[in-house]
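Pasted below: run-v7.cif, mmCIF, C-alpha atoms.
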```cif
data_coords
loop_
_atom_site.label_atom_id
_atom_site.label_comp_id
_atom_site.auth_asym_id
_atom_site.auth_seq_id
_atom_site.Cartn_x
_atom_site.Cartn_y
_atom_site.Cartn_z
CA MET A 841 12.14 -12.52 3.70
CA LYS A 842 10.19 -15.47 2.43
CA LYS A 843 7.22 -13.21 1.81
CA MET A 844 9.45 -10.72 -0.01
CA LEU A 845 10.73 -13.48 -2.20
CA THR A 846 7.28 -14.71 -3.15
CA LEU A 847 6.20 -11.18 -3.91
CA LEU A 848 9.22 -10.62 -6.11
CA LEU A 849 8.72 -13.92 -7.82
CA SER A 850 5.03 -13.54 -8.48
CA ALA A 851 5.13 -9.87 -9.44
CA GLY A 852 8.54 -9.31 -10.93
CA LEU A 853 9.03 -12.24 -13.25
CA ALA A 854 5.73 -12.05 -15.01
CA ALA A 855 6.24 -8.36 -15.70
CA THR A 856 9.83 -8.53 -16.90
CA ALA A 857 9.05 -11.35 -19.28
CA THR A 858 6.60 -9.23 -21.26
CA GLN A 859 8.52 -6.01 -20.71
CA ALA A 860 11.50 -6.87 -22.83
CA ILE A 861 9.54 -7.53 -25.98
CA SER A 862 6.80 -4.89 -26.12
CA GLY A 863 6.49 -1.14 -26.06
CA PRO A 864 3.45 1.03 -25.30
CA LYS A 865 2.05 0.75 -28.82
CA GLU A 866 2.13 -3.04 -28.92
CA ASP A 867 0.76 -3.16 -25.38
CA LEU A 868 -2.17 -1.00 -26.37
CA GLU A 869 -2.98 -3.13 -29.40
CA LYS A 870 -2.97 -6.34 -27.38
CA PHE A 871 -5.01 -4.74 -24.63
CA ARG A 872 -7.64 -3.51 -27.08
CA THR A 873 -7.86 -6.85 -28.89
CA HIS A 874 -8.36 -8.67 -25.63
CA PHE A 875 -11.47 -6.65 -24.77
CA GLU A 876 -12.83 -6.62 -28.31
CA GLN A 877 -12.66 -10.40 -28.38
CA ARG A 878 -14.02 -10.80 -24.88
CA PHE A 879 -16.94 -8.42 -25.50
CA PRO A 880 -17.76 -8.45 -29.19
CA GLY A 881 -20.38 -5.89 -30.17
CA ILE A 882 -19.59 -3.35 -27.46
CA GLN A 883 -18.61 -0.03 -29.02
CA LEU A 884 -15.26 1.37 -27.96
CA ASP A 885 -16.73 4.43 -26.23
CA ASP A 886 -19.27 2.33 -24.35
CA PHE A 887 -16.46 0.73 -22.32
CA GLY A 888 -16.33 4.10 -20.56
CA ASN A 889 -19.65 3.22 -18.96
CA GLY A 890 -18.10 0.49 -16.86
CA PRO A 891 -20.45 -2.18 -15.52
CA TYR A 892 -23.39 -0.50 -17.29
CA ALA A 893 -21.92 -1.42 -20.66
CA LEU A 894 -21.90 -5.08 -19.66
CA ASP A 895 -25.30 -5.70 -18.07
CA ALA A 896 -28.65 -4.70 -19.58
CA ASN A 897 -30.52 -4.48 -16.26
CA LYS A 898 -27.93 -2.36 -14.59
CA ARG A 899 -27.87 -0.18 -17.66
CA LEU A 900 -31.58 0.60 -17.39
CA GLN A 901 -31.30 1.61 -13.74
CA TRP A 902 -28.30 3.76 -14.55
CA GLU A 903 -30.04 5.48 -17.46
CA ASP A 904 -32.87 6.42 -15.06
CA MET A 905 -30.30 7.84 -12.69
CA GLU A 906 -28.73 9.88 -15.47
CA GLU A 907 -32.02 11.78 -15.95
CA PHE A 908 -31.26 13.80 -12.84
CA PRO A 909 -27.67 12.90 -12.09
CA PRO A 910 -26.50 13.48 -8.53
CA TYR A 911 -23.19 14.90 -9.78
CA ASP A 912 -24.84 17.94 -11.44
CA VAL A 913 -24.62 20.04 -8.30
CA TYR A 914 -20.87 19.31 -8.08
CA VAL A 915 -20.30 20.30 -11.68
CA ASP A 916 -21.93 23.62 -10.73
CA LYS A 917 -19.76 23.93 -7.64
CA GLY A 918 -16.73 23.22 -9.82
CA ARG A 919 -17.72 25.97 -12.25
CA GLU A 920 -17.95 28.37 -9.36
CA ILE A 921 -14.49 27.36 -8.15
CA TRP A 922 -13.15 27.85 -11.70
CA GLU A 923 -14.69 31.29 -12.01
CA THR A 924 -14.06 32.68 -8.53
CA PRO A 925 -10.93 34.86 -8.47
CA PHE A 926 -8.09 34.14 -6.03
CA LYS A 927 -7.23 36.76 -3.40
CA ASN A 928 -4.63 38.15 -5.83
CA GLY A 929 -7.32 38.73 -8.45
CA LYS A 930 -6.17 36.00 -10.81
CA SER A 931 -8.05 32.74 -11.33
CA PHE A 932 -7.47 29.17 -12.51
CA ALA A 933 -7.58 30.41 -16.09
CA SER A 934 -4.21 32.10 -15.44
CA CYS A 935 -2.69 28.62 -15.07
CA PHE A 936 -4.82 26.53 -17.41
CA GLY A 937 -5.95 28.93 -20.14
CA LYS A 938 -9.39 30.46 -20.60
CA ASP A 939 -11.04 27.54 -22.40
CA ALA A 940 -12.19 25.13 -19.70
CA SER A 941 -12.99 22.43 -22.26
CA LYS A 942 -9.34 22.11 -23.22
CA VAL A 943 -7.94 21.35 -19.78
CA ARG A 944 -8.91 17.78 -18.94
CA PRO A 945 -7.72 16.21 -22.24
CA LYS A 946 -4.13 17.31 -21.50
CA TYR A 947 -3.82 15.00 -18.52
CA PRO A 948 -1.98 12.98 -17.45
CA HIS A 949 1.18 13.96 -19.29
CA TRP A 950 4.93 13.56 -19.08
CA ASP A 951 6.79 16.63 -17.88
CA LYS A 952 10.27 16.36 -19.35
CA ALA A 953 11.84 19.11 -17.26
CA ALA A 954 10.49 17.77 -13.97
CA GLY A 955 11.04 14.15 -15.10
CA LYS A 956 7.65 13.00 -13.84
CA VAL A 957 4.04 12.31 -14.71
CA VAL A 958 1.85 15.35 -14.10
CA THR A 959 -1.83 14.94 -13.28
CA LEU A 960 -4.75 17.36 -13.36
CA GLU A 961 -5.00 17.27 -9.57
CA GLY A 962 -1.27 17.97 -9.29
CA ASP A 963 -1.56 21.04 -11.48
CA ILE A 964 -4.68 22.30 -9.67
CA ASN A 965 -2.79 22.40 -6.38
CA LYS A 966 0.33 23.76 -8.05
CA CYS A 967 -1.76 26.62 -9.39
CA LEU A 968 -3.28 27.32 -5.99
CA LYS A 969 0.11 27.40 -4.29
CA ALA A 970 1.65 29.58 -6.99
CA ASN A 971 -1.12 32.09 -6.32
CA GLY A 972 -0.73 32.07 -2.55
CA GLU A 973 -3.84 29.98 -1.98
CA LYS A 974 -4.21 26.94 0.26
CA PRO A 975 -4.07 23.69 -1.78
CA PHE A 976 -7.14 21.40 -1.84
CA GLY A 977 -7.22 17.90 -0.35
CA TRP A 978 -6.20 15.27 -2.90
CA LYS A 979 -9.06 12.77 -3.01
CA LYS A 980 -12.44 14.44 -2.58
CA GLY A 981 -14.16 17.77 -2.01
CA LYS A 982 -13.15 20.83 -4.02
CA ILE A 983 -10.49 19.09 -6.11
CA ALA A 984 -13.14 16.60 -7.29
CA HIS A 985 -15.70 19.38 -7.89
CA LEU A 986 -13.32 21.33 -10.08
CA GLY A 987 -12.33 18.08 -11.81
CA ALA A 988 -16.00 17.28 -12.40
CA TYR A 989 -16.55 20.66 -14.07
CA LEU A 990 -13.44 20.36 -16.24
CA GLY A 991 -14.44 16.81 -17.16
CA TYR A 992 -17.97 17.88 -18.00
CA GLU A 993 -16.72 20.70 -20.22
CA ALA A 994 -14.44 18.24 -22.03
CA ARG A 995 -17.12 15.63 -22.66
CA GLY A 996 -16.81 14.13 -26.11
CA LYS A 997 -13.14 14.96 -26.45
CA LYS A 998 -10.84 11.97 -26.60
CA LEU A 999 -8.24 10.71 -24.19
CA ASN A 1000 -4.85 11.10 -25.83
CA VAL A 1001 -1.95 10.33 -23.52
CA VAL A 1002 1.43 10.66 -25.20
CA ILE A 1003 4.32 8.46 -24.04
CA PRO A 1004 7.34 10.33 -25.42
CA ASN A 1005 10.35 8.39 -26.57
CA ASP A 1006 12.33 9.43 -23.53
CA PRO A 1007 13.87 6.70 -21.35
CA LYS A 1008 12.54 8.24 -18.16
CA ALA A 1009 9.00 8.52 -19.53
CA LEU A 1010 9.15 4.94 -20.74
CA GLN A 1011 10.35 3.88 -17.34
CA ALA A 1012 7.41 5.62 -15.67
CA TYR A 1013 5.09 3.85 -18.08
CA GLU A 1014 6.72 0.48 -17.35
CA GLU A 1015 6.40 1.08 -13.61
CA GLY A 1016 2.71 1.82 -14.01
CA LYS A 1017 2.27 -1.27 -16.11
CA ARG A 1018 4.11 -3.45 -13.61
CA PHE A 1019 1.94 -2.06 -10.83
CA PHE A 1020 -1.17 -2.93 -12.79
CA TYR A 1021 -0.20 -6.55 -13.44
CA ALA A 1022 1.46 -7.33 -10.10
CA LYS A 1023 -0.21 -9.54 -7.54
CA ARG A 1024 -0.71 -7.47 -4.46
CA GLY A 1025 -1.76 -7.56 -0.83
CA GLN A 1026 -2.55 -10.39 1.53
CA LEU A 1027 -5.18 -11.59 -0.96
CA ASN A 1028 -2.58 -11.67 -3.76
CA VAL A 1029 -4.77 -10.17 -6.49
CA ALA A 1030 -3.67 -7.87 -9.33
CA CYS A 1031 -5.64 -4.99 -10.87
CA ALA A 1032 -5.51 -7.02 -14.08
CA ASP A 1033 -7.03 -10.09 -12.40
CA CYS A 1034 -10.23 -8.21 -11.66
CA HIS A 1035 -10.36 -5.73 -14.55
CA VAL A 1036 -8.70 -7.64 -17.43
CA TYR A 1037 -9.30 -11.34 -16.79
CA TYR A 1038 -12.70 -11.31 -15.05
CA PRO A 1039 -14.67 -8.20 -16.07
CA GLY A 1040 -18.32 -8.92 -16.73
CA GLN A 1041 -18.27 -11.41 -13.86
CA ARG A 1042 -19.29 -10.77 -10.29
CA VAL A 1043 -17.30 -10.59 -7.07
CA ARG A 1044 -20.11 -11.21 -4.59
CA GLY A 1045 -22.78 -8.84 -5.92
CA GLN A 1046 -20.44 -6.47 -7.77
CA LEU A 1047 -20.05 -6.65 -11.52
CA LEU A 1048 -16.43 -6.03 -12.48
CA SER A 1049 -15.78 -3.37 -15.11
CA THR A 1050 -13.16 -3.52 -17.84
CA ALA A 1051 -9.91 -1.66 -17.24
CA LEU A 1052 -10.50 -0.27 -20.73
CA GLY A 1053 -12.58 2.87 -20.23
CA GLN A 1054 -12.08 3.27 -16.49
CA PRO A 1055 -10.23 6.58 -16.61
CA THR A 1056 -12.72 8.30 -18.94
CA HIS A 1057 -15.22 9.37 -16.30
CA PHE A 1058 -13.22 10.51 -13.30
CA PRO A 1059 -13.82 12.16 -10.96
CA VAL A 1060 -16.82 10.01 -10.25
CA PHE A 1061 -19.95 10.28 -8.11
CA ARG A 1062 -20.25 7.04 -6.16
CA ALA A 1063 -23.31 6.31 -4.07
CA LYS A 1064 -21.05 4.51 -1.60
CA TRP A 1065 -18.97 7.67 -1.17
CA ALA A 1066 -22.09 9.69 -0.35
CA LYS A 1067 -22.70 7.75 2.85
CA LYS A 1068 -22.11 9.23 6.28
CA GLY A 1069 -18.45 9.91 6.99
CA LYS A 1070 -17.34 9.26 3.40
CA GLY A 1071 -17.97 12.68 1.90
CA ASP A 1072 -20.41 14.04 -0.67
CA GLY A 1073 -20.04 11.18 -3.17
CA MET A 1074 -17.34 12.67 -5.36
CA GLY A 1075 -13.87 11.18 -5.57
CA THR A 1076 -10.79 11.19 -7.76
CA LEU A 1077 -9.15 8.33 -9.65
CA HIS A 1078 -6.47 8.00 -7.00
CA ARG A 1079 -9.13 7.69 -4.32
CA ARG A 1080 -10.47 4.71 -6.23
CA TYR A 1081 -6.99 3.22 -6.66
CA GLY A 1082 -6.61 3.35 -2.89
CA GLY A 1083 -9.97 1.63 -2.41
CA CYS A 1084 -9.10 -1.15 -4.83
CA ASN A 1085 -5.74 -1.67 -3.11
CA LYS A 1086 -7.46 -1.92 0.26
CA GLN A 1087 -9.91 -4.50 -1.05
CA VAL A 1088 -7.05 -6.94 -1.50
CA ARG A 1089 -5.63 -5.98 1.91
CA ALA A 1090 -2.68 -4.13 0.47
CA ARG A 1091 -1.53 -0.90 2.06
CA PRO A 1092 -2.74 1.84 -0.29
CA PHE A 1093 -0.26 4.41 -1.59
CA LYS A 1094 -0.89 8.11 -1.06
CA ALA A 1095 -3.00 9.89 -3.66
CA GLN A 1096 -0.60 11.60 -6.10
CA SER A 1097 2.28 9.37 -5.02
CA LYS A 1098 4.72 8.44 -7.77
CA GLU A 1099 3.24 4.92 -7.79
CA TYR A 1100 -0.30 6.12 -8.53
CA ARG A 1101 0.81 8.80 -11.00
CA ASN A 1102 2.71 6.20 -12.99
CA LEU A 1103 -0.24 3.84 -12.76
CA GLU A 1104 -2.52 6.61 -14.06
CA PHE A 1105 -0.08 7.19 -16.95
CA PHE A 1106 -0.25 3.54 -18.06
CA HIS A 1107 -3.95 3.03 -17.20
CA THR A 1108 -5.11 6.15 -19.08
CA TYR A 1109 -2.85 5.50 -22.07
CA MET A 1110 -4.57 2.13 -22.46
CA SER A 1111 -7.86 4.02 -22.96
CA ASN A 1112 -6.51 6.43 -25.57
CA GLY A 1113 -9.08 7.31 -28.20
CA LEU A 1114 -12.06 6.86 -25.88
CA GLU A 1115 -14.30 9.85 -25.21
CA ILE A 1116 -14.12 11.66 -21.92
CA ASN A 1117 -17.48 11.28 -20.17
CA ALA A 1118 -16.72 12.70 -16.75
CA PRO A 1119 -18.09 12.94 -14.20
CA GLY A 1120 -19.55 9.45 -14.10
CA TYR A 1121 -22.14 7.97 -11.79
CA ARG A 1122 -21.40 4.66 -10.06
CA GLU A 1123 -23.30 2.75 -7.40
CA MET B 327 5.87 -39.90 17.39
CA THR B 328 9.03 -42.01 17.07
CA LYS B 329 8.15 -43.81 20.27
CA LEU B 330 4.67 -44.53 19.04
CA THR B 331 6.02 -45.94 15.79
CA GLN B 332 8.42 -48.16 17.64
CA ARG B 333 5.79 -49.40 20.00
CA LEU B 334 3.42 -50.24 17.19
CA GLY B 335 6.27 -51.58 15.13
CA ASP B 336 4.26 -50.81 12.07
CA THR B 337 4.85 -47.61 10.13
CA ALA B 338 1.75 -48.05 8.03
CA THR B 339 -0.53 -47.99 11.04
CA ALA B 340 1.26 -44.98 12.42
CA LEU B 341 0.82 -43.07 9.19
CA ALA B 342 -2.82 -43.94 9.12
CA LEU B 343 -3.14 -42.67 12.66
CA CYS B 344 -1.23 -39.54 11.76
CA THR B 345 -3.44 -38.55 8.84
CA GLY B 346 -6.40 -39.46 10.97
CA LEU B 347 -5.35 -36.75 13.38
CA VAL B 348 -5.22 -34.07 10.71
CA PHE B 349 -8.34 -34.98 8.82
CA SER B 350 -10.89 -36.67 11.01
CA ALA B 351 -12.56 -39.08 8.63
CA GLN B 352 -16.01 -37.94 9.64
CA ALA B 353 -16.27 -34.26 10.58
CA GLY B 354 -18.99 -33.63 13.17
CA ALA B 355 -22.00 -31.42 12.45
CA ALA B 356 -20.64 -28.67 14.69
CA ASP B 357 -17.34 -28.65 12.82
CA LEU B 358 -19.08 -28.52 9.46
CA GLU B 359 -21.11 -25.57 10.68
CA ALA B 360 -17.92 -23.85 11.88
CA GLY B 361 -16.26 -24.51 8.51
CA LYS B 362 -19.23 -23.07 6.68
CA LYS B 363 -19.12 -19.94 8.78
CA ILE B 364 -15.45 -19.38 7.99
CA ALA B 365 -16.01 -20.07 4.29
CA PHE B 366 -18.88 -17.57 4.06
CA ASP B 367 -17.49 -14.83 6.33
CA ARG B 368 -16.31 -11.83 4.30
CA THR B 369 -13.44 -11.22 6.72
CA LYS B 370 -12.34 -14.90 6.65
CA GLY B 371 -12.44 -17.23 3.63
CA ASN B 372 -15.02 -15.19 1.71
CA CYS B 373 -15.22 -18.07 -0.79
CA LEU B 374 -18.62 -16.71 -1.85
CA ALA B 375 -16.88 -13.70 -3.37
CA CYS B 376 -16.08 -15.96 -6.31
CA HIS B 377 -17.78 -19.35 -5.87
CA HIS B 378 -21.40 -20.37 -5.68
CA ILE B 379 -21.86 -22.56 -2.61
CA GLU B 380 -25.15 -24.16 -1.56
CA GLY B 381 -26.71 -22.10 1.24
CA GLY B 382 -24.64 -18.98 0.57
CA LYS B 383 -26.17 -15.62 -0.34
CA VAL B 384 -24.96 -13.11 -2.96
CA ALA B 385 -22.30 -15.36 -4.44
CA GLY B 386 -19.99 -14.18 -7.19
CA ASN B 387 -19.53 -16.10 -10.44
CA ILE B 388 -15.82 -15.73 -11.10
CA ALA B 389 -14.99 -19.32 -10.21
CA PRO B 390 -16.53 -22.78 -10.66
CA PRO B 391 -19.42 -23.57 -8.28
CA LEU B 392 -18.30 -25.74 -5.39
CA LEU B 393 -20.46 -28.84 -5.53
CA ALA B 394 -20.06 -32.61 -5.76
CA MET B 395 -16.65 -32.08 -4.22
CA LYS B 396 -16.07 -35.70 -3.22
CA SER B 397 -16.11 -36.80 -6.84
CA ARG B 398 -13.98 -33.82 -7.88
CA PHE B 399 -11.55 -34.33 -4.99
CA PRO B 400 -11.65 -37.96 -3.78
CA ASP B 401 -8.42 -37.17 -1.94
CA LYS B 402 -9.19 -34.63 0.75
CA ALA B 403 -5.51 -33.69 1.07
CA LYS B 404 -5.57 -32.41 -2.51
CA LEU B 405 -8.58 -30.26 -1.74
CA ARG B 406 -6.80 -28.86 1.30
CA ALA B 407 -3.73 -28.12 -0.80
CA GLN B 408 -5.86 -26.23 -3.35
CA ILE B 409 -7.32 -24.08 -0.60
CA TRP B 410 -3.95 -23.63 1.11
CA ASP B 411 -2.33 -22.26 -2.09
CA ALA B 412 -4.27 -22.11 -5.35
CA THR B 413 -1.23 -20.70 -7.18
CA VAL B 414 0.47 -24.13 -7.13
CA ALA B 415 -2.07 -25.49 -9.60
CA ASN B 416 -2.43 -22.19 -11.48
CA PRO B 417 0.37 -19.65 -10.90
CA ASN B 418 -1.83 -16.87 -12.22
CA SER B 419 -4.87 -17.81 -10.11
CA ILE B 420 -7.00 -14.98 -8.77
CA MET B 421 -7.86 -17.21 -5.82
CA PRO B 422 -6.13 -15.97 -2.66
CA PRO B 423 -3.59 -18.41 -1.16
CA MET B 424 -5.43 -18.95 2.13
CA GLY B 425 -2.60 -20.79 3.89
CA ARG B 426 0.51 -19.40 2.25
CA HIS B 427 -0.56 -15.81 2.96
CA ARG B 428 -2.02 -16.71 6.36
CA ILE B 429 -5.47 -15.48 5.47
CA LEU B 430 -6.78 -18.44 7.43
CA SER B 431 -5.05 -20.40 10.20
CA GLU B 432 -4.20 -24.08 9.69
CA LYS B 433 -7.09 -25.04 11.95
CA GLU B 434 -9.49 -22.83 9.98
CA ILE B 435 -8.31 -24.39 6.73
CA ASP B 436 -9.00 -27.85 8.16
CA LEU B 437 -12.54 -26.79 9.05
CA VAL B 438 -13.16 -25.18 5.65
CA THR B 439 -11.76 -28.26 3.88
CA ASP B 440 -14.13 -30.54 5.81
CA PHE B 441 -17.07 -28.31 4.99
CA ILE B 442 -16.23 -28.00 1.28
CA HIS B 443 -15.58 -31.73 1.03
CA SER B 444 -19.07 -32.37 2.42
CA LEU B 445 -20.72 -30.44 -0.43
#
```

Just give me the structure of the file as structure tokens.
Amino acid sequence: MKKMLTLLLSAGLAATATQAISGPKEDLEKFRTHFEQRFPGIQLDDFGNGPYALDANKRLQWEDMEEFPPYDVYVDKGREIWETPFKNGKSFASCFGKDASKVRPKYPHWDKAAGKVVTLEGDINKCLKANGEKPFGWKKGKIAHLGAYLGYEARGKKLNVVIPNDPKALQAYEEGKRFFYAKRGQLNVACADCHVYYPGQRVRGQLLSTALGQPTHFPVFRAKWAKKGKGDGMGTLHRRYGGCNKQVRARPFKAQSKEYRNLEFFHTYMSNGLEINAPGYRE
Amino acid sequence: MTKLTQRLGDTATALALCTGLVFSAQAGAADLEAGKKIAFDRTKGNCLACHHIEGGKVAGNIAPPLLAMKSRFPDKAKLRAQIWDATVANPNSIMPPMGRHRILSEKEIDLVTDFIHSL
């Protein structure tokens, strides 16, 4: 009970105080200004390069890596998945349209009829099921390969999440925002603590990236995810959310849970106008 | 405790004794070493995640380096309170509340406090 109370106090109050006075547009302006003032001289799109935008040495190593990026093979696998017909003869194009470059920029979006935030991964599995195919796993493997291809095809297009003036959509946005700013886990740390208040600084050896620009390059190839037992290196945004929740000893939510979809809605909206540069490489 | 106070007939002495029990004025070398271990251990205090501390490897730079602590915290109880719950001094602190969230036990916090105070 006591713990509940502290959680409510630390998380709830701070969020409601700001909630009443600002809408998405004002939030975005403040968010942008914060990073522009904190990192003068960094171009908006460069925030999409995470820690590599903030540290010259890391940037050099990363640029070397980008000569022969380890995600290339997964972009190819994703293309194959996109092009291979289902057993019924149709393919992903029957759900998403023929132009693969136009898919990624539509996500995430508010689905008025369903009353929920829809993600790319959600629609990939919806498409598979509608065509009598087995859905992919949510966090890595084929779903990330297809995502990598669709991201690659959409490179250079801008993130443009729309928060419609619909009370339910605004509520989903507010929930995502609250999640982002709430202290969480045994360690009592919020997403914003690490990625708004201390980016550019190091936790142990790791340079923290800005929340601005994080959603531009997912799915991502992460060297750490290419180690034994972790998969082939590729992972979705929700996989990363789970990892960051675990770091503060909070129980992660399920990938594609309402909590993470709403978080993605807020988090991606905050990066509106930045170029998609998926898939990214991270150490 | 009440008995002891009565026997001594002097509350001041009893209080002195009492604090003496919690914070031994001079922590032994073994205790300091134990405190250091807890402070550095990633699964325990992990203070190095954010603070530079003499002798620690791969320290983060989110927080002020922990040095000259006796001049910063002449009162060891205040240092312990900061470690026990950093959100009292700064409600928005990123520093985990080691005691309030039971990240460390009371005994472990005593050991870490002694070690940090010795820096």

Output the residue selection produced by the PyMOL selection byres ((chain B and resi 379-387) around 12) on the file above, formatted as an mmCIF file with C-alpha atoms, in the frame of the given file.
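As written to disk, out31.cif reads:
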```cif
data_model
loop_
_atom_site.group_PDB
_atom_site.id
_atom_site.type_symbol
_atom_site.label_atom_id
_atom_site.label_comp_id
_atom_site.auth_asym_id
_atom_site.auth_seq_id
_atom_site.Cartn_x
_atom_site.Cartn_y
_atom_site.Cartn_z
ATOM 1 C CA TYR A 1038 -12.700 -11.310 -15.050
ATOM 2 C CA PRO A 1039 -14.670 -8.200 -16.070
ATOM 3 C CA GLY A 1040 -18.320 -8.920 -16.730
ATOM 4 C CA GLN A 1041 -18.270 -11.410 -13.860
ATOM 5 C CA ARG A 1042 -19.290 -10.770 -10.290
ATOM 6 C CA VAL A 1043 -17.300 -10.590 -7.070
ATOM 7 C CA ARG A 1044 -20.110 -11.210 -4.590
ATOM 8 C CA GLY A 1045 -22.780 -8.840 -5.920
ATOM 9 C CA GLN A 1046 -20.440 -6.470 -7.770
ATOM 10 C CA LEU A 1047 -20.050 -6.650 -11.520
ATOM 11 C CA LEU A 1048 -16.430 -6.030 -12.480
ATOM 12 C CA GLU B 359 -21.110 -25.570 10.680
ATOM 13 C CA LYS B 362 -19.230 -23.070 6.680
ATOM 14 C CA LYS B 363 -19.120 -19.940 8.780
ATOM 15 C CA ILE B 364 -15.450 -19.380 7.990
ATOM 16 C CA ALA B 365 -16.010 -20.070 4.290
ATOM 17 C CA PHE B 366 -18.880 -17.570 4.060
ATOM 18 C CA ASP B 367 -17.490 -14.830 6.330
ATOM 19 C CA ARG B 368 -16.310 -11.830 4.300
ATOM 20 C CA ASN B 372 -15.020 -15.190 1.710
ATOM 21 C CA CYS B 373 -15.220 -18.070 -0.790
ATOM 22 C CA LEU B 374 -18.620 -16.710 -1.850
ATOM 23 C CA ALA B 375 -16.880 -13.700 -3.370
ATOM 24 C CA CYS B 376 -16.080 -15.960 -6.310
ATOM 25 C CA HIS B 377 -17.780 -19.350 -5.870
ATOM 26 C CA HIS B 378 -21.400 -20.370 -5.680
ATOM 27 C CA ILE B 388 -15.820 -15.730 -11.100
ATOM 28 C CA ALA B 389 -14.990 -19.320 -10.210
ATOM 29 C CA PRO B 390 -16.530 -22.780 -10.660
ATOM 30 C CA PRO B 391 -19.420 -23.570 -8.280
ATOM 31 C CA LEU B 392 -18.300 -25.740 -5.390
ATOM 32 C CA LEU B 393 -20.460 -28.840 -5.530
ATOM 33 C CA ALA B 394 -20.060 -32.610 -5.760
ATOM 34 C CA MET B 395 -16.650 -32.080 -4.220
ATOM 35 C CA PHE B 441 -17.070 -28.310 4.990
ATOM 36 C CA ILE B 442 -16.230 -28.000 1.280
ATOM 37 C CA HIS B 443 -15.580 -31.730 1.030
ATOM 38 C CA SER B 444 -19.070 -32.370 2.420
ATOM 39 C CA LEU B 445 -20.720 -30.440 -0.430
#
```

>> I'd like the neighbourhood of segment 894-906 of chain A as a PyMOL selection string, where a residue qualifies if any of its atoms comes within 9 Å (using only C-alpha atoms), though same-chain residues fewer than 6 positions away should be ignored.
In response: chain A and resi 879+882+887+1039-1040+1047+1049+1121-1123

>> If I take atom CA of Gly1120 of chain A and atom CA of Met1074 of chain A, how far is one from the other in Å, to one decimal?
In response: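 Those two atoms sit 9.6 Å apart.
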
So that I can check the surroundings of Lys956 of chain A, please list as a compact mmCIF listing (two decimals) with C-alpha atoms, keeping the file's coordinate frame every protein, DNA and RNA residue that reaches within 8 Å of it, counting only C-alpha atoms and ignoring chain neighbours fewer than 5 positions away.
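Contents of around.txt, freshly written:
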```txt
# COMPACT_ATOMS: atom_id res chain seq x y z
CA TRP A 950 4.93 13.56 -19.08
CA ASP A 951 6.79 16.63 -17.88
CA ALA A 1009 9.00 8.52 -19.53
CA ALA A 1012 7.41 5.62 -15.67
```

>> Can you tell me which residues surround Arg1024 of chain A at a distance of at most 10 Å, considering only C-alpha atoms, apart from same-chain residues fewer than 3 positions away, and format the answer as number ranges by chain?
In response: A: 847, 850-851, 1019-1021, 1027-1031, 1085-1086, 1088-1091

>> As an exercise, work out the distance from atom CA of Gly1071 of chain A to atom CA of Asn965 of chain A in Å and give it to one decimal place.
In response: 19.8 Å

> Between A:Val913, A:Leu1052, A:Leu968, A:Leu1077, which has the minimum distance to Asp886 of chain A (counting all atoms listed in the file)?
Replying inline: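 With all atoms listed in the file as the atom set, the closest residue is A:Leu1052.
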
>> Every residue with an atom at most 12 Å from (-6.9, 31.2, -13.2) (file coordinates; all atoms listed in the file) is what I'm after, so could you write them as a PyMOL selection string?
In response: chain A and resi 921-940+943+963-971+973

> With distances taken over all atoms listed in the file, which of A:Glu961, A:Gly1082, A:Gln1026, A:Gln883 is nearest to Leu430 of chain B?
Replying inline: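 Of A:Glu961, A:Gly1082, A:Gln1026, A:Gln883, the one nearest Leu430 of chain B, counting all atoms listed in the file, is A:Gln1026.
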
>> Given the PyMOL selection byres ((chain A and resi 998) around 8) and the file above, list the residues it selects as a PyMOL selection string.
In response: chain A and resi 945+996-997+999-1000+1112-1116

Output of the PyMOL selection byres ((chain A and resi 871) around 12), listed as an mmCIF file with C-alpha atoms, in the frame of the given file:
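Written output follows (selection23.cif):
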```cif
data_model
loop_
_atom_site.group_PDB
_atom_site.id
_atom_site.type_symbol
_atom_site.label_atom_id
_atom_site.label_comp_id
_atom_site.auth_asym_id
_atom_site.auth_seq_id
_atom_site.Cartn_x
_atom_site.Cartn_y
_atom_site.Cartn_z
ATOM 1 C CA SER A 862 6.800 -4.890 -26.120
ATOM 2 C CA PRO A 864 3.450 1.030 -25.300
ATOM 3 C CA LYS A 865 2.050 0.750 -28.820
ATOM 4 C CA GLU A 866 2.130 -3.040 -28.920
ATOM 5 C CA ASP A 867 0.760 -3.160 -25.380
ATOM 6 C CA LEU A 868 -2.170 -1.000 -26.370
ATOM 7 C CA GLU A 869 -2.980 -3.130 -29.400
ATOM 8 C CA LYS A 870 -2.970 -6.340 -27.380
ATOM 9 C CA ARG A 872 -7.640 -3.510 -27.080
ATOM 10 C CA THR A 873 -7.860 -6.850 -28.890
ATOM 11 C CA HIS A 874 -8.360 -8.670 -25.630
ATOM 12 C CA PHE A 875 -11.470 -6.650 -24.770
ATOM 13 C CA GLU A 876 -12.830 -6.620 -28.310
ATOM 14 C CA GLN A 877 -12.660 -10.400 -28.380
ATOM 15 C CA ARG A 878 -14.020 -10.800 -24.880
ATOM 16 C CA LYS A 1017 2.270 -1.270 -16.110
ATOM 17 C CA ALA A 1032 -5.510 -7.020 -14.080
ATOM 18 C CA HIS A 1035 -10.360 -5.730 -14.550
ATOM 19 C CA VAL A 1036 -8.700 -7.640 -17.430
ATOM 20 C CA TYR A 1037 -9.300 -11.340 -16.790
ATOM 21 C CA THR A 1050 -13.160 -3.520 -17.840
ATOM 22 C CA ALA A 1051 -9.910 -1.660 -17.240
ATOM 23 C CA LEU A 1052 -10.500 -0.270 -20.730
ATOM 24 C CA GLY A 1053 -12.580 2.870 -20.230
ATOM 25 C CA PHE A 1106 -0.250 3.540 -18.060
ATOM 26 C CA HIS A 1107 -3.950 3.030 -17.200
ATOM 27 C CA TYR A 1109 -2.850 5.500 -22.070
ATOM 28 C CA MET A 1110 -4.570 2.130 -22.460
ATOM 29 C CA SER A 1111 -7.860 4.020 -22.960
ATOM 30 C CA ASN A 1112 -6.510 6.430 -25.570
#
```
